[in-house]
>>> print(open('query01.cif').read())   # mmCIF, C-alpha atoms
data_protein
loop_
_atom_site.group_PDB
_atom_site.id
_atom_site.type_symbol
_atom_site.label_atom_id
_atom_site.label_comp_id
_atom_site.auth_asym_id
_atom_site.auth_seq_id
_atom_site.Cartn_x
_atom_site.Cartn_y
_atom_site.Cartn_z
ATOM 1 C CA MET A 1 -24.566 -38.973 163.667
ATOM 2 C CA PRO A 2 -25.824 -36.797 160.816
ATOM 3 C CA PRO A 3 -29.307 -37.663 159.592
ATOM 4 C CA MET A 4 -29.455 -40.120 156.687
ATOM 5 C CA THR A 5 -30.440 -38.590 153.390
ATOM 6 C CA ASP A 6 -32.950 -40.089 150.988
ATOM 7 C CA HIS A 7 -30.134 -41.160 148.715
ATOM 8 C CA GLU A 8 -28.437 -43.253 151.338
ATOM 9 C CA THR A 9 -31.596 -45.120 152.197
ATOM 10 C CA ARG A 10 -32.555 -45.976 148.612
ATOM 11 C CA PRO A 11 -32.531 -49.757 148.436
ATOM 12 C CA GLU A 12 -31.608 -49.950 144.730
ATOM 13 C CA LEU A 13 -27.994 -49.055 145.391
ATOM 14 C CA ASP A 14 -27.566 -52.292 147.329
ATOM 15 C CA ARG A 15 -26.876 -53.987 144.026
ATOM 16 C CA LEU A 16 -23.736 -51.907 143.496
ATOM 17 C CA SER A 17 -20.248 -52.901 144.583
ATOM 18 C CA ALA A 18 -18.978 -51.342 147.798
ATOM 19 C CA ASP A 19 -16.596 -49.243 145.716
ATOM 20 C CA ASP A 20 -19.410 -47.878 143.538
ATOM 21 C CA ARG A 21 -21.548 -47.130 146.596
ATOM 22 C CA ARG A 22 -18.681 -45.191 148.142
ATOM 23 C CA LEU A 23 -18.172 -43.142 144.957
ATOM 24 C CA VAL A 24 -21.880 -42.459 144.481
ATOM 25 C CA ALA A 25 -22.204 -41.328 148.100
ATOM 26 C CA GLY A 26 -19.098 -39.176 147.664
ATOM 27 C CA LEU A 27 -20.431 -37.430 144.559
ATOM 28 C CA ARG A 28 -23.808 -36.849 146.142
ATOM 29 C CA ALA A 29 -22.109 -35.305 149.142
ATOM 30 C CA GLY A 30 -20.094 -33.006 146.864
ATOM 31 C CA ASP A 31 -16.778 -34.694 147.711
ATOM 32 C CA GLU A 32 -14.202 -33.468 145.208
ATOM 33 C CA ALA A 33 -11.854 -36.399 145.885
ATOM 34 C CA ALA A 34 -14.519 -38.860 144.701
ATOM 35 C CA PHE A 35 -14.949 -36.892 141.491
ATOM 36 C CA GLU A 36 -11.203 -36.700 140.919
ATOM 37 C CA GLU A 37 -10.926 -40.439 141.391
ATOM 38 C CA LEU A 38 -13.590 -41.055 138.758
ATOM 39 C CA ILE A 39 -12.112 -38.712 136.175
ATOM 40 C CA GLU A 40 -8.640 -40.192 136.682
ATOM 41 C CA ARG A 41 -10.081 -43.612 136.081
ATOM 42 C CA TYR A 42 -12.394 -43.004 133.151
ATOM 43 C CA HIS A 43 -11.858 -39.647 131.449
ATOM 44 C CA PRO A 44 -9.011 -40.695 129.111
ATOM 45 C CA SER A 45 -10.817 -43.773 127.840
ATOM 46 C CA LEU A 46 -14.075 -41.815 127.512
ATOM 47 C CA VAL A 47 -12.256 -39.338 125.262
ATOM 48 C CA ARG A 48 -10.872 -42.202 123.161
ATOM 49 C CA LEU A 49 -14.325 -43.704 122.796
ATOM 50 C CA ALA A 50 -15.868 -40.320 121.937
ATOM 51 C CA MET A 51 -13.324 -39.929 119.124
ATOM 52 C CA SER A 52 -15.073 -42.672 117.188
ATOM 53 C CA PHE A 53 -18.313 -40.672 117.188
ATOM 54 C CA VAL A 54 -17.130 -37.168 116.381
ATOM 55 C CA SER A 55 -14.767 -35.432 114.002
ATOM 56 C CA SER A 56 -11.789 -34.458 116.136
ATOM 57 C CA ARG A 57 -9.950 -34.975 119.375
ATOM 58 C CA ALA A 58 -10.964 -31.471 120.522
ATOM 59 C CA VAL A 59 -14.654 -32.210 120.006
ATOM 60 C CA ALA A 60 -14.218 -35.592 121.709
ATOM 61 C CA GLU A 61 -12.641 -33.883 124.729
ATOM 62 C CA ASP A 62 -15.600 -31.508 124.801
ATOM 63 C CA VAL A 63 -18.082 -34.360 124.569
ATOM 64 C CA ALA A 64 -16.413 -36.161 127.480
ATOM 65 C CA GLN A 65 -16.543 -32.990 129.588
ATOM 66 C CA ASP A 66 -20.253 -32.584 128.779
ATOM 67 C CA ALA A 67 -20.796 -36.200 129.723
ATOM 68 C CA TRP A 68 -19.277 -35.536 133.169
ATOM 69 C CA LEU A 69 -21.718 -32.668 133.634
ATOM 70 C CA GLY A 70 -24.457 -35.161 132.782
ATOM 71 C CA VAL A 71 -23.043 -37.493 135.422
ATOM 72 C CA LEU A 72 -23.131 -34.762 138.059
ATOM 73 C CA ARG A 73 -26.658 -33.699 137.118
ATOM 74 C CA GLY A 74 -27.869 -37.293 137.105
ATOM 75 C CA ILE A 75 -26.098 -38.744 140.123
ATOM 76 C CA GLY A 76 -28.915 -37.828 142.526
ATOM 77 C CA GLY A 77 -31.305 -39.970 140.528
ATOM 78 C CA PHE A 78 -28.891 -42.806 139.711
ATOM 79 C CA GLN A 79 -30.635 -46.013 140.682
ATOM 80 C CA GLY A 80 -27.831 -48.503 140.413
ATOM 81 C CA ARG A 81 -29.486 -50.740 137.822
ATOM 82 C CA SER A 82 -26.103 -50.989 136.143
ATOM 83 C CA SER A 83 -22.640 -50.438 137.559
ATOM 84 C CA LEU A 84 -21.535 -46.830 137.972
ATOM 85 C CA ARG A 85 -19.015 -47.329 135.160
ATOM 86 C CA THR A 86 -21.609 -48.629 132.687
ATOM 87 C CA TRP A 87 -23.910 -45.745 133.585
ATOM 88 C CA ILE A 88 -21.120 -43.188 132.993
ATOM 89 C CA TYR A 89 -20.233 -44.778 129.630
ATOM 90 C CA ARG A 90 -23.884 -44.730 128.609
ATOM 91 C CA ILE A 91 -24.041 -40.995 129.278
ATOM 92 C CA LEU A 92 -20.889 -40.567 127.178
ATOM 93 C CA VAL A 93 -22.334 -42.574 124.276
ATOM 94 C CA ASN A 94 -25.586 -40.588 124.340
ATOM 95 C CA THR A 95 -23.741 -37.274 124.516
ATOM 96 C CA ALA A 96 -21.419 -38.309 121.683
ATOM 97 C CA LYS A 97 -24.305 -39.453 119.466
ATOM 98 C CA THR A 98 -26.141 -36.161 119.981
ATOM 99 C CA ARG A 99 -22.980 -34.239 119.128
ATOM 100 C CA GLY A 100 -22.329 -36.421 116.094
ATOM 101 C CA VAL A 101 -25.800 -35.528 114.816
ATOM 102 C CA ARG A 102 -25.233 -31.840 115.448
ATOM 103 C CA GLU A 103 -21.951 -32.046 113.578
ATOM 104 C CA SER A 104 -24.032 -33.686 110.842
ATOM 105 C CA ARG A 105 -21.376 -36.251 110.231
ATOM 106 C CA SER A 106 -22.309 -39.432 108.514
ATOM 107 C CA ILE A 107 -23.140 -41.019 111.815
ATOM 108 C CA PRO A 108 -20.973 -43.998 112.585
ATOM 109 C CA PHE A 109 -23.162 -45.491 115.286
ATOM 110 C CA ALA A 110 -22.391 -49.103 115.790
ATOM 111 C CA SER A 111 -26.108 -49.780 115.608
ATOM 112 C CA LEU A 112 -26.244 -48.449 112.062
ATOM 113 C CA GLY A 113 -22.877 -49.853 111.119
ATOM 114 C CA GLY A 114 -23.685 -53.426 112.027
ATOM 115 C CA ARG A 115 -22.922 -54.516 108.508
ATOM 116 C CA GLU A 116 -19.819 -52.368 108.397
ATOM 117 C CA GLY A 117 -17.100 -54.402 106.766
ATOM 118 C CA ASP A 118 -19.430 -57.282 106.031
ATOM 119 C CA GLY A 119 -17.896 -59.692 103.583
ATOM 120 C CA GLU A 120 -14.308 -58.664 104.312
ATOM 121 C CA PRO A 121 -12.326 -61.857 104.844
ATOM 122 C CA ALA A 122 -10.495 -62.222 108.164
ATOM 123 C CA VAL A 123 -7.435 -63.538 106.311
ATOM 124 C CA ASP A 124 -6.109 -62.776 102.832
ATOM 125 C CA PRO A 125 -7.737 -65.392 100.516
ATOM 126 C CA GLY A 126 -4.354 -65.874 98.833
ATOM 127 C CA ARG A 127 -3.193 -67.753 101.906
ATOM 128 C CA PHE A 128 -5.598 -70.626 101.243
ATOM 129 C CA ARG A 129 -5.681 -73.265 98.506
ATOM 130 C CA PRO A 130 -7.953 -72.255 95.629
ATOM 131 C CA ALA A 131 -11.383 -73.747 94.904
ATOM 132 C CA ASP A 132 -10.045 -76.105 92.204
ATOM 133 C CA ASP A 133 -7.427 -77.598 94.535
ATOM 134 C CA VAL A 134 -7.759 -81.097 96.028
ATOM 135 C CA LEU A 135 -8.044 -79.422 99.429
ATOM 136 C CA PRO A 136 -9.906 -76.200 98.676
ATOM 137 C CA GLY A 137 -9.738 -73.647 101.481
ATOM 138 C CA ALA A 138 -6.899 -75.378 103.351
ATOM 139 C CA TRP A 139 -3.932 -73.307 104.471
ATOM 140 C CA LEU A 140 -1.350 -72.681 101.766
ATOM 141 C CA SER A 141 0.628 -70.343 103.939
ATOM 142 C CA PRO A 142 -0.353 -71.160 107.541
ATOM 143 C CA PRO A 143 0.297 -68.758 110.391
ATOM 144 C CA ARG A 144 3.315 -69.457 112.538
ATOM 145 C CA SER A 145 2.969 -69.978 116.247
ATOM 146 C CA TRP A 146 3.936 -67.023 118.431
ATOM 147 C CA ASP A 147 4.711 -69.409 121.276
ATOM 148 C CA GLY A 148 8.452 -69.022 120.896
ATOM 149 C CA LEU A 149 8.407 -65.226 121.061
ATOM 150 C CA PRO A 150 9.684 -63.751 124.289
ATOM 151 C CA GLU A 151 6.951 -62.207 126.398
ATOM 152 C CA ALA A 152 9.057 -59.058 126.712
ATOM 153 C CA GLU A 153 8.843 -58.544 122.959
ATOM 154 C CA LEU A 154 5.120 -59.242 122.820
ATOM 155 C CA LEU A 155 4.474 -56.768 125.600
ATOM 156 C CA GLY A 156 6.994 -54.218 124.380
ATOM 157 C CA ARG A 157 5.973 -50.654 123.671
ATOM 158 C CA GLU A 158 6.402 -51.083 119.907
ATOM 159 C CA THR A 159 4.080 -54.072 119.749
ATOM 160 C CA LEU A 160 1.429 -52.226 121.716
ATOM 161 C CA GLU A 161 1.803 -49.249 119.363
ATOM 162 C CA VAL A 162 1.195 -51.529 116.391
ATOM 163 C CA ILE A 163 -2.070 -52.610 118.032
ATOM 164 C CA ASP A 164 -3.032 -49.047 118.912
ATOM 165 C CA ARG A 165 -2.511 -47.871 115.320
ATOM 166 C CA ALA A 166 -4.390 -50.836 113.894
ATOM 167 C CA ILE A 167 -7.366 -49.961 116.119
ATOM 168 C CA ASP A 168 -7.222 -46.317 115.064
ATOM 169 C CA ARG A 169 -7.496 -47.378 111.417
ATOM 170 C CA LEU A 170 -10.663 -49.416 111.982
ATOM 171 C CA PRO A 171 -14.059 -48.136 110.846
ATOM 172 C CA PRO A 172 -15.798 -46.375 113.774
ATOM 173 C CA ALA A 173 -18.279 -49.074 114.801
ATOM 174 C CA GLN A 174 -15.551 -51.744 114.859
ATOM 175 C CA ARG A 175 -13.362 -49.406 116.887
ATOM 176 C CA GLN A 176 -16.152 -48.797 119.413
ATOM 177 C CA VAL A 177 -16.745 -52.508 119.927
ATOM 178 C CA ILE A 178 -13.113 -53.594 120.251
ATOM 179 C CA ARG A 179 -12.299 -50.715 122.616
ATOM 180 C CA LEU A 180 -15.205 -51.475 124.907
ATOM 181 C CA ARG A 181 -14.728 -55.242 124.857
ATOM 182 C CA ASP A 182 -10.998 -55.793 124.737
ATOM 183 C CA ILE A 183 -9.515 -52.616 126.223
ATOM 184 C CA ASP A 184 -12.137 -51.429 128.705
ATOM 185 C CA GLY A 185 -13.202 -54.982 129.479
ATOM 186 C CA PHE A 186 -16.979 -54.658 129.249
ATOM 187 C CA SER A 187 -18.981 -57.871 128.800
ATOM 188 C CA ALA A 188 -20.683 -58.753 125.504
ATOM 189 C CA ARG A 189 -24.054 -57.931 127.029
ATOM 190 C CA GLU A 190 -22.934 -54.560 128.395
ATOM 191 C CA VAL A 191 -21.565 -53.563 124.986
ATOM 192 C CA SER A 192 -24.692 -54.601 123.111
ATOM 193 C CA GLU A 193 -26.693 -52.441 125.520
ATOM 194 C CA LEU A 194 -24.302 -49.494 125.440
ATOM 195 C CA LEU A 195 -24.164 -49.384 121.647
ATOM 196 C CA ASP A 196 -27.698 -50.609 121.006
ATOM 197 C CA LEU A 197 -26.509 -53.575 118.966
ATOM 198 C CA SER A 198 -27.846 -57.092 118.502
ATOM 199 C CA ASP A 199 -25.556 -59.829 119.836
ATOM 200 C CA ALA A 200 -24.956 -61.053 116.274
ATOM 201 C CA ASN A 201 -23.983 -57.591 114.999
ATOM 202 C CA GLU A 202 -21.672 -57.060 117.914
ATOM 203 C CA ARG A 203 -19.913 -60.344 117.105
ATOM 204 C CA VAL A 204 -19.526 -59.415 113.430
ATOM 205 C CA LEU A 205 -17.950 -56.072 114.368
ATOM 206 C CA LEU A 206 -15.725 -57.634 117.018
ATOM 207 C CA HIS A 207 -14.629 -60.324 114.565
ATOM 208 C CA ARG A 208 -13.661 -57.832 111.854
ATOM 209 C CA ALA A 209 -11.845 -55.682 114.383
ATOM 210 C CA ARG A 210 -9.887 -58.481 116.072
ATOM 211 C CA SER A 211 -9.035 -60.089 112.728
ATOM 212 C CA LYS A 212 -7.474 -56.851 111.474
ATOM 213 C CA VAL A 213 -5.535 -56.291 114.656
ATOM 214 C CA ARG A 214 -4.228 -59.870 114.480
ATOM 215 C CA ARG A 215 -3.168 -59.284 110.898
ATOM 216 C CA ALA A 216 -1.294 -56.103 111.837
ATOM 217 C CA LEU A 217 0.468 -57.978 114.640
ATOM 218 C CA GLU A 218 1.363 -60.877 112.362
ATOM 219 C CA ASP A 219 2.827 -58.475 109.780
ATOM 220 C CA TYR A 220 4.852 -56.737 112.467
ATOM 221 C CA LEU A 221 6.069 -59.867 114.233
ATOM 222 C CA SER A 222 7.052 -61.729 111.044
ATOM 223 C CA GLU A 223 8.862 -58.683 109.677
ATOM 224 C CA ASP A 224 10.812 -58.885 112.881
ATOM 225 C CA ALA A 225 11.648 -62.568 112.508
ATOM 226 C CA ALA A 226 12.816 -62.133 108.903
ATOM 227 C CA MET B 1 -17.657 -89.153 116.439
ATOM 228 C CA SER B 2 -19.453 -87.200 113.767
ATOM 229 C CA ALA B 3 -17.953 -88.921 110.753
ATOM 230 C CA GLN B 4 -20.717 -87.788 108.421
ATOM 231 C CA LEU B 5 -20.051 -84.119 109.036
ATOM 232 C CA GLU B 6 -18.464 -82.280 106.155
ATOM 233 C CA PRO B 7 -14.929 -81.259 107.038
ATOM 234 C CA LEU B 8 -14.619 -77.551 107.684
ATOM 235 C CA PRO B 9 -12.056 -75.839 105.432
ATOM 236 C CA CYS B 10 -9.455 -73.675 107.201
ATOM 237 C CA GLN B 11 -10.745 -70.643 105.309
ATOM 238 C CA GLU B 12 -14.108 -71.068 107.070
ATOM 239 C CA MET B 13 -12.472 -71.811 110.410
ATOM 240 C CA VAL B 14 -10.898 -68.353 110.578
ATOM 241 C CA GLU B 15 -14.328 -66.768 110.133
ATOM 242 C CA LEU B 16 -15.775 -68.788 113.023
ATOM 243 C CA VAL B 17 -13.047 -68.017 115.543
ATOM 244 C CA THR B 18 -14.864 -65.137 117.237
ATOM 245 C CA ASP B 19 -18.150 -67.023 117.494
ATOM 246 C CA TYR B 20 -16.155 -69.915 118.957
ATOM 247 C CA LEU B 21 -14.400 -67.736 121.524
ATOM 248 C CA GLU B 22 -17.673 -65.971 122.386
ATOM 249 C CA GLY B 23 -19.364 -69.300 122.989
ATOM 250 C CA ALA B 24 -21.873 -68.506 120.255
ATOM 251 C CA LEU B 25 -21.450 -71.605 118.061
ATOM 252 C CA PRO B 26 -24.291 -74.123 118.163
ATOM 253 C CA PRO B 27 -23.096 -77.414 119.701
ATOM 254 C CA ALA B 28 -22.783 -79.263 116.348
ATOM 255 C CA ASP B 29 -20.648 -76.475 114.845
ATOM 256 C CA ARG B 30 -18.570 -76.280 117.958
ATOM 257 C CA GLU B 31 -17.873 -79.979 117.652
ATOM 258 C CA ARG B 32 -16.843 -79.621 114.004
ATOM 259 C CA PHE B 33 -14.655 -76.687 114.927
ATOM 260 C CA GLU B 34 -12.864 -78.602 117.673
ATOM 261 C CA LEU B 35 -12.524 -81.697 115.509
ATOM 262 C CA HIS B 36 -10.805 -79.671 112.815
ATOM 263 C CA LEU B 37 -8.622 -77.934 115.355
ATOM 264 C CA ALA B 38 -7.380 -81.236 116.765
ATOM 265 C CA GLY B 39 -5.910 -82.169 113.398
ATOM 266 C CA CYS B 40 -4.736 -78.821 112.043
ATOM 267 C CA ASP B 41 -1.568 -77.028 113.173
ATOM 268 C CA GLY B 42 -2.326 -73.951 111.047
ATOM 269 C CA CYS B 43 -5.721 -73.361 112.622
ATOM 270 C CA THR B 44 -4.358 -74.152 116.088
ATOM 271 C CA ALA B 45 -1.693 -71.471 115.575
ATOM 272 C CA TYR B 46 -4.340 -69.095 114.226
ATOM 273 C CA LEU B 47 -6.600 -69.525 117.251
ATOM 274 C CA GLU B 48 -3.640 -69.063 119.553
ATOM 275 C CA GLN B 49 -2.650 -65.864 117.695
ATOM 276 C CA MET B 50 -6.185 -64.584 118.097
ATOM 277 C CA ARG B 51 -6.080 -65.268 121.843
ATOM 278 C CA THR B 52 -2.726 -63.498 122.096
ATOM 279 C CA THR B 53 -4.121 -60.556 120.110
ATOM 280 C CA ILE B 54 -6.988 -60.214 122.582
ATOM 281 C CA ARG B 55 -4.649 -60.478 125.564
ATOM 282 C CA LEU B 56 -2.243 -57.858 124.201
ATOM 283 C CA THR B 57 -5.073 -55.500 123.217
ATOM 284 C CA GLY B 58 -6.149 -55.689 126.845
ATOM 285 C CA ARG B 59 -2.800 -54.219 127.844
ATOM 286 C CA LEU B 60 -3.440 -50.936 126.026
ATOM 287 C CA ARG B 61 -4.152 -48.066 128.336
ATOM 288 C CA ALA B 62 -5.461 -44.634 127.490
ATOM 289 C CA GLN B 63 -3.048 -41.895 128.457
ATOM 290 C CA ASP B 64 -3.334 -40.020 131.708
ATOM 291 C CA ILE B 65 -5.802 -37.219 131.947
ATOM 292 C CA GLY B 66 -4.385 -33.904 130.676
ATOM 293 C CA GLU B 67 -3.867 -30.989 133.042
ATOM 294 C CA ASP B 68 -6.210 -28.728 131.047
ATOM 295 C CA ALA B 69 -8.989 -31.284 131.142
ATOM 296 C CA ARG B 70 -8.483 -31.871 134.854
ATOM 297 C CA ALA B 71 -8.613 -28.143 135.595
ATOM 298 C CA ALA B 72 -11.748 -27.640 133.479
ATOM 299 C CA LEU B 73 -13.487 -30.595 135.107
ATOM 300 C CA THR B 74 -12.574 -29.548 138.642
ATOM 301 C CA GLU B 75 -13.932 -26.097 137.862
ATOM 302 C CA ALA B 76 -17.157 -27.628 136.525
ATOM 303 C CA PHE B 77 -17.441 -29.791 139.619
ATOM 304 C CA ARG B 78 -17.110 -26.798 141.967
ATOM 305 C CA SER B 79 -19.782 -24.815 140.083
ATOM 306 C CA TRP B 80 -22.087 -27.797 140.181
ATOM 307 C CA ARG B 81 -21.535 -28.200 143.920
ATOM 308 C CA VAL B 82 -22.425 -24.568 144.535
ATOM 309 C CA SER B 83 -25.548 -24.791 142.411
ATOM 310 C CA GLU B 84 -26.829 -27.983 144.047
#
>>> encode(input="query01.cif", output="structure tokens")
Amino acid sequence: MPPMTDHETRPELDRLSADDRRLVAGLRAGDEAAFEELIERYHPSLVRLAMSFVSSRAVAEDVAQDAWLGVLRGIGGFQGRSSLRTWIYRILVNTAKTRGVRESRSIPFASLGGREGDGEPAVDPGRFRPADDVLPGAWLSPPRSWDGLPEAELLGRETLEVIDRAIDRLPPAQRQVIRLRDIDGFSAREVSELLDLSDANERVLLHRARSKVRRALEDYLSEDAA
Amino acid sequence: MSAQLEPLPCQEMVELVTDYLEGALPPADRERFELHLAGCDGCTAYLEQMRTTIRLTGRLRAQDIGEDARAALTEAFRSWRVSE
């Protein structure tokens, strides 16, 4: 048996999943297959996330590549306080923020954009009864149930493209939150930590984002029914 | 029953949907929300559309990694391994 290294005996990593422990050990041992597995899994979505911090796809690709270098440099000291995935995303966010500053863009950090889109209604006010009505604020033109729509249509490529485009049109902080929560599947707490947001701000951004995506879907699906 | 509670207009319901789904509504508001929902087809459909939106968004996948990016990263990995 080869001697155990310091890394393998560090107790902190016990908190990680078996899969994460395997990948961390692989990277530390210089195993290219472990690295390939990680970049297959996360690189494309890291690039998409980086795009909401910087000016172009090319810069975002660059940022993601720099983030991977940060992962390699940091893996020896990774303590497993968060999952490997959360740790990798945190490195990406930090790298992207630094690059955003260097590009001297108006910096769309979620933490600064917490009020982004504040006051925008989730639904067109024209769809509710006016204030002088007997039932002010009640639906005038209620949404129709999507229950009857075939699952194949809902999950079709076109429908997913409608969602993808709607997300691309969102202001950056809203895009960051909806991507991390609803596409990448991070928990509310993980996202507030990754983006340095209060829980309340995260909910405001998520609400604006989801409301607009719902609206885009409703437009598309009712156009279809007409 | 909370008969004294002001009824919640639909226009306010749609702004509370995310807090509701996130479990962030205080108990009294949650109760008002659910009370309204029980008697309102429009808001029931709206909540269901929101749930469907979330589910479908979860089906989006980033594209596969590009060959150029893979080659550059593999190269970076090998240099790092040598330098370690």
>>> interface_residues(input="query01.cif", of="chain B", to="chain A", cutoff="7 Å", atoms="all atoms listed in the file", output="PyMOL selection string")
chain B and resi 9-11+14-15+18-19+42+45-46+49-50+53-54+56-58+60+62-65+73+81
>>> closest_residue(input="query01.cif", among="A:Leu92, A:Gly100, A:Val71, A:Ala58", to="B:Phe77", atoms="only C-alpha atoms")
A:Val71
>>> resolve_selection(input="query01.cif", expression="the PyMOL selection byres ((chain A and resi 83) around 9)", output="VMD selection string")
chain A and resid 15 to 17 20 80 to 82 84 to 88
>>> atom_distance(input="query01.cif", atom1="atom CA of B:Met13", atom2="atom CA of A:Val134")
17.8 Å
>>> atom_distance(input="query01.cif", atom1="atom CA of A:Val162", atom2="atom CA of B:Thr52")
13.8 Å
>>> atom_distance(input="query01.cif", atom1="atom CA of B:Arg59", atom2="atom CA of A:Val24")
27.9 Å
>>> closest_residue(input="query01.cif", among="A:Val54, A:Ile75, A:Ala209, A:Leu49", to="A:Leu13", atoms="only C-alpha atoms")
A:Ile75
>>> closest_residue(input="query01.cif", among="B:Leu47, B:Asp41, B:Arg78, B:Leu8", to="B:Asp29", atoms="only C-alpha atoms")
B:Leu8
>>> closest_residue(input="query01.cif", among="A:Val177, A:Leu195, A:Leu170, A:Leu149", to="A:Ala96", atoms="all atoms listed in the file")
A:Leu195
>>> decode(input="query01.cif", residues="stretch 55-75 of chain B", atoms="N, CA and C atoms", output="CSV table (one decimal), in the first residue's frame")
chain,number,residue,atom,x,y,z
B,55,ARG,N,-40.5,23.9,-13.2
B,55,ARG,CA,-40.2,22.6,-13.6
B,55,ARG,C,-39.5,22.6,-15.0
B,56,LEU,N,-40.1,23.3,-16.0
B,56,LEU,CA,-39.6,23.4,-17.3
B,56,LEU,C,-38.2,24.0,-17.4
B,57,THR,N,-38.1,25.1,-16.6
B,57,THR,CA,-36.8,25.8,-16.5
B,57,THR,C,-35.7,24.8,-16.1
B,58,GLY,N,-36.1,23.9,-15.2
B,58,GLY,CA,-35.1,22.9,-14.7
B,58,GLY,C,-34.7,21.9,-15.7
B,59,ARG,N,-35.4,21.9,-16.9
B,59,ARG,CA,-35.0,21.0,-18.0
B,59,ARG,C,-34.0,21.6,-18.9
B,60,LEU,N,-33.7,22.9,-18.8
B,60,LEU,CA,-32.7,23.5,-19.6
B,60,LEU,C,-31.3,22.9,-19.3
B,61,ARG,N,-30.6,22.7,-20.3
B,61,ARG,CA,-29.2,22.2,-20.0
B,61,ARG,C,-28.2,23.1,-20.9
B,62,ALA,N,-27.1,23.4,-20.3
B,62,ALA,CA,-26.1,24.1,-21.0
B,62,ALA,C,-25.6,23.2,-22.1
B,63,GLN,N,-25.1,23.7,-23.2
B,63,GLN,CA,-24.6,22.9,-24.2
B,63,GLN,C,-23.3,22.1,-23.7
B,64,ASP,N,-22.9,21.1,-24.6
B,64,ASP,CA,-21.7,20.4,-24.2
B,64,ASP,C,-20.5,21.3,-24.3
B,65,ILE,N,-19.5,20.9,-23.6
B,65,ILE,CA,-18.2,21.7,-23.7
B,65,ILE,C,-17.6,21.7,-25.1
B,66,GLY,N,-17.2,22.8,-25.5
B,66,GLY,CA,-16.6,22.9,-26.9
B,66,GLY,C,-15.2,22.2,-26.9
B,67,GLU,N,-14.9,21.8,-28.1
B,67,GLU,CA,-13.6,21.1,-28.3
B,67,GLU,C,-12.4,22.0,-28.0
B,68,ASP,N,-12.5,23.3,-28.4
B,68,ASP,CA,-11.4,24.2,-28.1
B,68,ASP,C,-11.2,24.4,-26.6
B,69,ALA,N,-12.3,24.6,-25.9
B,69,ALA,CA,-12.2,24.7,-24.4
B,69,ALA,C,-11.7,23.5,-23.8
B,70,ARG,N,-12.1,22.3,-24.2
B,70,ARG,CA,-11.6,21.1,-23.7
B,70,ARG,C,-10.1,21.0,-23.8
B,71,ALA,N,-9.7,21.3,-25.1
B,71,ALA,CA,-8.2,21.2,-25.4
B,71,ALA,C,-7.4,22.2,-24.5
B,72,ALA,N,-7.9,23.4,-24.4
B,72,ALA,CA,-7.2,24.4,-23.6
B,72,ALA,C,-7.1,24.0,-22.1
B,73,LEU,N,-8.2,23.4,-21.6
B,73,LEU,CA,-8.3,23.0,-20.2
B,73,LEU,C,-7.4,21.8,-19.9
B,74,THR,N,-7.4,20.9,-20.9
B,74,THR,CA,-6.5,19.7,-20.7
B,74,THR,C,-5.1,20.1,-20.7
B,75,GLU,N,-4.7,21.0,-21.6
B,75,GLU,CA,-3.4,21.6,-21.6
B,75,GLU,C,-3.0,22.2,-20.3
